[in-house]
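> I am attaching a structure below and will ask some questions about it afterwards.
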Amino acid sequence: MVSEARTRMIEGATRLLAERGLQETSFSEVLALTGAPRGSIYHHFPDGKDQLVGEAVQLAGERAIAMLESKRGSSAAEVAEFFLEMWRTLLTRTDFRVGCSVVAVTVATDSAELTDATAAVFRGWRARLAELLEEGGVPADQAGRLAATVIAGSEGAVVLSRAERSIEAFDLVAAQLVEDVRRASGPV
């Protein structure tokens with residue numbers, strides 16, 4: 001059975017990674033955010049910070065997959081719009097303070113294990129998005145490429161918007177990506 005403190009710590013780490021990045025996500029910061037008891041750190045994460053971060057990355061990945069799954073049966077354009085809207089909403093609701101915890105770890109870690117964990121999340125996102133795009137009308141030979149493009153484009157647009165503290169760049173990229181998906185899926 002997973003303890004409540006452990007769950008809170010993983011959720012807190014996911015949030016801190018998205019807000020502050022890997023270097024600023026310490027055990028102390030996680031404890032301050034979650035109110036988890038200090039003694040639980042090494043009890044729940046005996047392998048240290050990398051174990052906590054790896055589980056936080058996995059949680060972020062699972063949450064996005066679950067949200068995407070809610071669009072099963074939708075048109076490819078609706079799937080793409082939904083995926084992009086998840087990021088747009090995150091940016092606007094947090095006044096551009098929060099981005100993607102998976103990207104934050106990917107660009108900052110020296111750990112092969114954490115890089116493998118982030119790669120697994122991105123592969124999962126690409127696979128699920130490609131599957132949903134194909135089900136929504138994108139030809140199989142284009143679905144994987146388009147899924148990778150949507151993910152890479154949205155992640156880059158998140159970075160631009162956070163840097164500029166404006167949704168403008170995100171909206172420009174999102175409009176292009178949705179247009180690409182519509183074009184690939186053929187006439188509606």
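Numbering starts fresh at 1 for the residues of each chain in the structure tokens, the chains themselves are lettered A, B, ... in the order given, and ligands are numbered from 1 as they appear.
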Based on the backbone DSSP call, show me all residues of stretch 23-164 of chain A assigned alpha helix (DSSP H), as JSON, numbers by chain.
{"A": [27, 28, 29, 30, 31, 32, 33, 34, 41, 42, 43, 44, 49, 50, 51, 52, 53, 54, 55, 56, 57, 58, 59, 60, 61, 62, 63, 64, 65, 66, 67, 68, 69, 76, 77, 78, 79, 80, 81, 82, 83, 84, 85, 86, 87, 88, 89, 90, 91, 92, 93, 101, 102, 103, 104, 105, 106, 107, 108, 112, 113, 114, 115, 116, 117, 118, 119, 120, 121, 122, 123, 124, 125, 126, 127, 128, 129, 130, 131, 132, 133, 134, 135, 140, 141, 142, 143, 144, 145, 146, 147, 148, 149, 150, 151, 152, 153, 154, 155, 156, 157, 158, 159, 160, 161, 162, 163, 164]}
> Using only C-alpha atoms, I'd like a table of the residues in stretch 8-124 of chain A that come within 7 Å of stretch 142-162 of chain A; for each, show the closest atom pair and its distance in Å rounded to one decimal, ordered by chain and ascending number, as a Markdown table.

```
| residue | atom | partner | partner_atom | distance |
| --- | --- | --- | --- | --- |
| A:Leu84 | CA | A:Ser154 | CA | 6.5 |
| A:Phe96 | CA | A:Arg162 | CA | 5.0 |
| A:Arg97 | CA | A:Arg162 | CA | 6.8 |
| A:Gly99 | CA | A:Val158 | CA | 6.4 |
```
> Grab the atom CA of A:Thr118 to atom CA of A:Gln51 distance for me, in Å with one decimal place.
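Pair atom CA of A:Thr118 / atom CA of A:Gln51 returns 12.8 Å.
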> Which one is closest to A:Arg123: A:Gly61, A:Trp87, A:Ile167, A:Ala80? Count only C-alpha atoms.
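Checking each of A:Gly61, A:Trp87, A:Ile167, A:Ala80 against A:Arg123, counting only C-alpha atoms, the winner is A:Gly61.
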> For atom CA of A:Ile65 and atom CA of A:Arg6, quote the distance in Å rounded to one decimal.
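Interatomic distance here is 21.8 Å.
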> Skip A:Ala108 itself and residues of its chain fewer than 4 positions away, then list as a tab-separated table (two decimals) with N, CA and C atoms, in the first residue's frame all residues within 12 Å of it, counting only C-alpha atoms.

```tsv
chain	number	residue	atom	x	y	z
A	17	LEU	N	8.96	20.44	-10.23
A	17	LEU	CA	9.75	20.27	-11.45
A	17	LEU	C	9.19	21.15	-12.56
A	20	ARG	N	9.89	24.98	-11.24
A	20	ARG	CA	11.23	25.47	-10.91
A	20	ARG	C	12.37	24.72	-11.59
A	21	GLY	N	12.08	23.55	-12.12
A	21	GLY	CA	13.13	22.77	-12.76
A	21	GLY	C	13.78	21.80	-11.79
A	22	LEU	N	14.69	21.02	-12.31
A	22	LEU	CA	15.31	19.95	-11.55
A	22	LEU	C	16.20	20.47	-10.42
A	23	GLN	N	17.03	21.47	-10.69
A	23	GLN	CA	17.95	21.95	-9.67
A	23	GLN	C	17.25	22.56	-8.47
A	24	GLU	N	16.09	23.14	-8.68
A	24	GLU	CA	15.37	23.79	-7.60
A	24	GLU	C	14.33	22.89	-6.95
A	25	THR	N	14.32	21.63	-7.31
A	25	THR	CA	13.40	20.67	-6.69
A	25	THR	C	14.21	19.79	-5.75
A	53	VAL	N	12.35	11.93	-8.28
A	53	VAL	CA	12.17	12.62	-9.57
A	53	VAL	C	11.69	11.63	-10.63
A	101	SER	N	7.15	19.22	-16.61
A	101	SER	CA	8.13	18.63	-15.69
A	101	SER	C	9.03	17.63	-16.39
A	102	VAL	N	8.53	16.96	-17.42
A	102	VAL	CA	9.33	15.99	-18.14
A	102	VAL	C	10.45	16.69	-18.91
A	103	VAL	N	10.14	17.79	-19.55
A	103	VAL	CA	11.17	18.57	-20.24
A	103	VAL	C	12.17	19.13	-19.24
A	104	ALA	N	11.68	19.61	-18.10
A	104	ALA	CA	12.58	20.17	-17.09
A	104	ALA	C	13.64	19.16	-16.66
A	112	ALA	N	21.61	8.90	-16.34
A	112	ALA	CA	21.12	8.05	-17.43
A	112	ALA	C	19.75	7.48	-17.09
A	114	LEU	N	17.37	8.85	-15.21
A	114	LEU	CA	16.33	9.86	-15.38
A	114	LEU	C	16.10	10.18	-16.85
A	115	THR	N	17.16	10.18	-17.63
A	115	THR	CA	16.99	10.39	-19.07
A	115	THR	C	16.17	9.26	-19.66
A	118	THR	N	12.50	9.88	-18.75
A	118	THR	CA	11.85	10.92	-19.55
A	118	THR	C	11.63	10.41	-20.98
```
> List as a PyMOL selection string the protein and nucleic acid residues near stretch 36-39 of chain A, meaning an atom at most 8 Å away when only C-alpha atoms are counted, but skip any in the same chain fewer than 4 places from it.
chain A and resi 5-6+8-9+31-32+43
> Could you save the residues just selected, with C-alpha atoms, as a PDB file, in the first residue's frame?

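Saved as out38.pdb:
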```
ATOM      1  CA  ALA A   5       2.878  11.050   2.472  1.00  0.00           C
ATOM      2  CA  ARG A   6       4.688   9.263  -0.361  1.00  0.00           C
ATOM      3  CA  ARG A   8       1.940  13.769  -1.735  1.00  0.00           C
ATOM      4  CA  MET A   9       5.717  13.920  -2.143  1.00  0.00           C
ATOM      5  CA  LEU A  31       8.576  18.696   2.158  1.00  0.00           C
ATOM      6  CA  ALA A  32       7.748  22.389   2.498  1.00  0.00           C
ATOM      7  CA  HIS A  43      11.956   5.698   4.046  1.00  0.00           C
TER       8      HIS A  43
END
```
> What is the distance, in Å and to one decimal place, between atom CA of A:Gln176 and atom CA of A:Ala130?
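Straight-line distance from atom CA of A:Gln176 to atom CA of A:Ala130 works out to 17.6 Å.
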> My list of candidates is A:Val138, A:Leu68, A:Cys100, A:Leu129. Which is closest to A:Pro187 when distances are computed with only C-alpha atoms?
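The closest residue to A:Pro187 is A:Val138.
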> Taking only C-alpha atoms into account, name the residue in A:His44, A:Thr89, A:Val98, A:Ser70 that is nearest to A:Thr14.
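Of the candidates, the smallest distance to A:Thr14 is held by A:Val98.
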> Pick out the residues sitting within 12 Å of A:Leu133, and hand them over as a PyMOL selection string; count only C-alpha atoms, and ignore anything fewer than 2 positions along from it in its own chain.
chain A and resi 68-69+71-83+125-131+135-148+150+178+180-182+184-186
> Write a file of the just-selected residues containing N, CA and C atoms, as a compact mmCIF listing (two decimals), in the first residue's frame.

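Saved file part.txt follows:
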```
# COMPACT_ATOMS: atom_id res chain seq x y z
N LEU A 68 -5.33 12.24 -22.47
CA LEU A 68 -5.45 11.95 -23.90
C LEU A 68 -6.48 10.86 -24.16
N GLU A 69 -6.47 9.87 -23.31
CA GLU A 69 -7.38 8.74 -23.47
C GLU A 69 -8.83 9.19 -23.47
N LYS A 71 -10.06 11.41 -25.08
CA LYS A 71 -10.43 11.86 -26.42
C LYS A 71 -10.54 10.72 -27.42
N ARG A 72 -10.43 9.49 -26.93
CA ARG A 72 -10.57 8.33 -27.83
C ARG A 72 -11.91 8.42 -28.53
N GLY A 73 -11.88 8.19 -29.85
CA GLY A 73 -13.09 8.27 -30.65
C GLY A 73 -13.32 9.64 -31.27
N SER A 74 -12.50 10.61 -30.93
CA SER A 74 -12.63 11.95 -31.49
C SER A 74 -11.88 12.06 -32.80
N SER A 75 -12.17 13.10 -33.55
CA SER A 75 -11.43 13.33 -34.79
C SER A 75 -9.98 13.66 -34.44
N ALA A 76 -9.10 13.48 -35.41
CA ALA A 76 -7.69 13.78 -35.20
C ALA A 76 -7.49 15.24 -34.80
N ALA A 77 -8.20 16.14 -35.45
CA ALA A 77 -8.08 17.56 -35.12
C ALA A 77 -8.53 17.82 -33.68
N GLU A 78 -9.60 17.17 -33.24
CA GLU A 78 -10.06 17.35 -31.86
C GLU A 78 -9.02 16.82 -30.86
N VAL A 79 -8.39 15.72 -31.19
CA VAL A 79 -7.34 15.17 -30.32
C VAL A 79 -6.19 16.17 -30.21
N ALA A 80 -5.73 16.67 -31.35
CA ALA A 80 -4.63 17.63 -31.34
C ALA A 80 -5.01 18.90 -30.59
N GLU A 81 -6.20 19.41 -30.84
CA GLU A 81 -6.66 20.62 -30.14
C GLU A 81 -6.69 20.39 -28.63
N PHE A 82 -7.16 19.24 -28.23
CA PHE A 82 -7.24 18.92 -26.80
C PHE A 82 -5.84 18.87 -26.19
N PHE A 83 -4.91 18.18 -26.83
CA PHE A 83 -3.55 18.08 -26.32
C PHE A 83 -2.93 19.47 -26.18
N TRP A 125 3.79 9.08 -24.80
CA TRP A 125 2.94 10.14 -25.33
C TRP A 125 2.84 10.04 -26.84
N ARG A 126 3.99 9.84 -27.50
CA ARG A 126 3.98 9.75 -28.96
C ARG A 126 3.14 8.58 -29.43
N ALA A 127 3.31 7.42 -28.78
CA ALA A 127 2.56 6.24 -29.19
C ALA A 127 1.06 6.44 -29.02
N ARG A 128 0.65 6.97 -27.87
CA ARG A 128 -0.78 7.16 -27.64
C ARG A 128 -1.34 8.22 -28.56
N LEU A 129 -0.62 9.31 -28.74
CA LEU A 129 -1.10 10.37 -29.62
C LEU A 129 -1.18 9.86 -31.06
N ALA A 130 -0.19 9.11 -31.51
CA ALA A 130 -0.23 8.55 -32.87
C ALA A 130 -1.43 7.62 -33.03
N GLU A 131 -1.66 6.80 -32.05
CA GLU A 131 -2.81 5.88 -32.08
C GLU A 131 -4.12 6.65 -32.20
N GLU A 135 -6.71 6.74 -35.34
CA GLU A 135 -8.13 6.43 -35.15
C GLU A 135 -9.02 7.59 -35.59
N GLY A 136 -8.49 8.81 -35.49
CA GLY A 136 -9.25 10.01 -35.85
C GLY A 136 -9.15 10.41 -37.30
N GLY A 137 -8.44 9.59 -38.11
CA GLY A 137 -8.43 9.86 -39.55
C GLY A 137 -7.10 10.12 -40.20
N VAL A 138 -6.02 10.18 -39.44
CA VAL A 138 -4.69 10.40 -40.03
C VAL A 138 -4.18 9.05 -40.53
N PRO A 139 -3.68 8.98 -41.77
CA PRO A 139 -3.13 7.72 -42.28
C PRO A 139 -2.01 7.19 -41.38
N ALA A 140 -1.96 5.87 -41.26
CA ALA A 140 -0.99 5.22 -40.36
C ALA A 140 0.44 5.65 -40.64
N ASP A 141 0.78 5.83 -41.92
CA ASP A 141 2.16 6.19 -42.26
C ASP A 141 2.52 7.63 -41.86
N GLN A 142 1.54 8.42 -41.49
CA GLN A 142 1.78 9.81 -41.08
C GLN A 142 1.55 10.05 -39.59
N ALA A 143 0.83 9.16 -38.94
CA ALA A 143 0.40 9.39 -37.56
C ALA A 143 1.58 9.53 -36.60
N GLY A 144 2.58 8.68 -36.72
CA GLY A 144 3.74 8.76 -35.82
C GLY A 144 4.52 10.04 -36.00
N ARG A 145 4.76 10.41 -37.25
CA ARG A 145 5.49 11.67 -37.52
C ARG A 145 4.72 12.86 -36.99
N LEU A 146 3.43 12.85 -37.23
CA LEU A 146 2.60 13.97 -36.79
C LEU A 146 2.51 14.04 -35.27
N ALA A 147 2.43 12.89 -34.61
CA ALA A 147 2.41 12.88 -33.15
C ALA A 147 3.70 13.48 -32.59
N ALA A 148 4.84 13.09 -33.15
CA ALA A 148 6.12 13.64 -32.70
C ALA A 148 6.17 15.15 -32.94
N VAL A 150 3.59 17.26 -33.12
CA VAL A 150 2.68 17.94 -32.19
C VAL A 150 3.32 18.05 -30.81
N VAL A 178 -2.53 22.24 -35.53
CA VAL A 178 -3.90 21.77 -35.78
C VAL A 178 -4.18 21.77 -37.28
N ASP A 180 -2.01 21.33 -39.64
CA ASP A 180 -1.27 20.18 -40.18
C ASP A 180 -2.04 18.87 -39.95
N VAL A 181 -2.60 18.74 -38.75
CA VAL A 181 -3.37 17.53 -38.44
C VAL A 181 -4.62 17.47 -39.31
N ARG A 182 -5.31 18.57 -39.46
CA ARG A 182 -6.52 18.59 -40.30
C ARG A 182 -6.18 18.21 -41.74
N ALA A 184 -3.68 16.43 -42.78
CA ALA A 184 -3.29 15.02 -42.85
C ALA A 184 -4.50 14.08 -42.75
N SER A 185 -5.52 14.52 -42.02
CA SER A 185 -6.67 13.63 -41.82
C SER A 185 -7.67 13.72 -42.96
N GLY A 186 -7.45 14.59 -43.91
CA GLY A 186 -8.30 14.64 -45.09
C GLY A 186 -9.56 15.44 -44.88
```
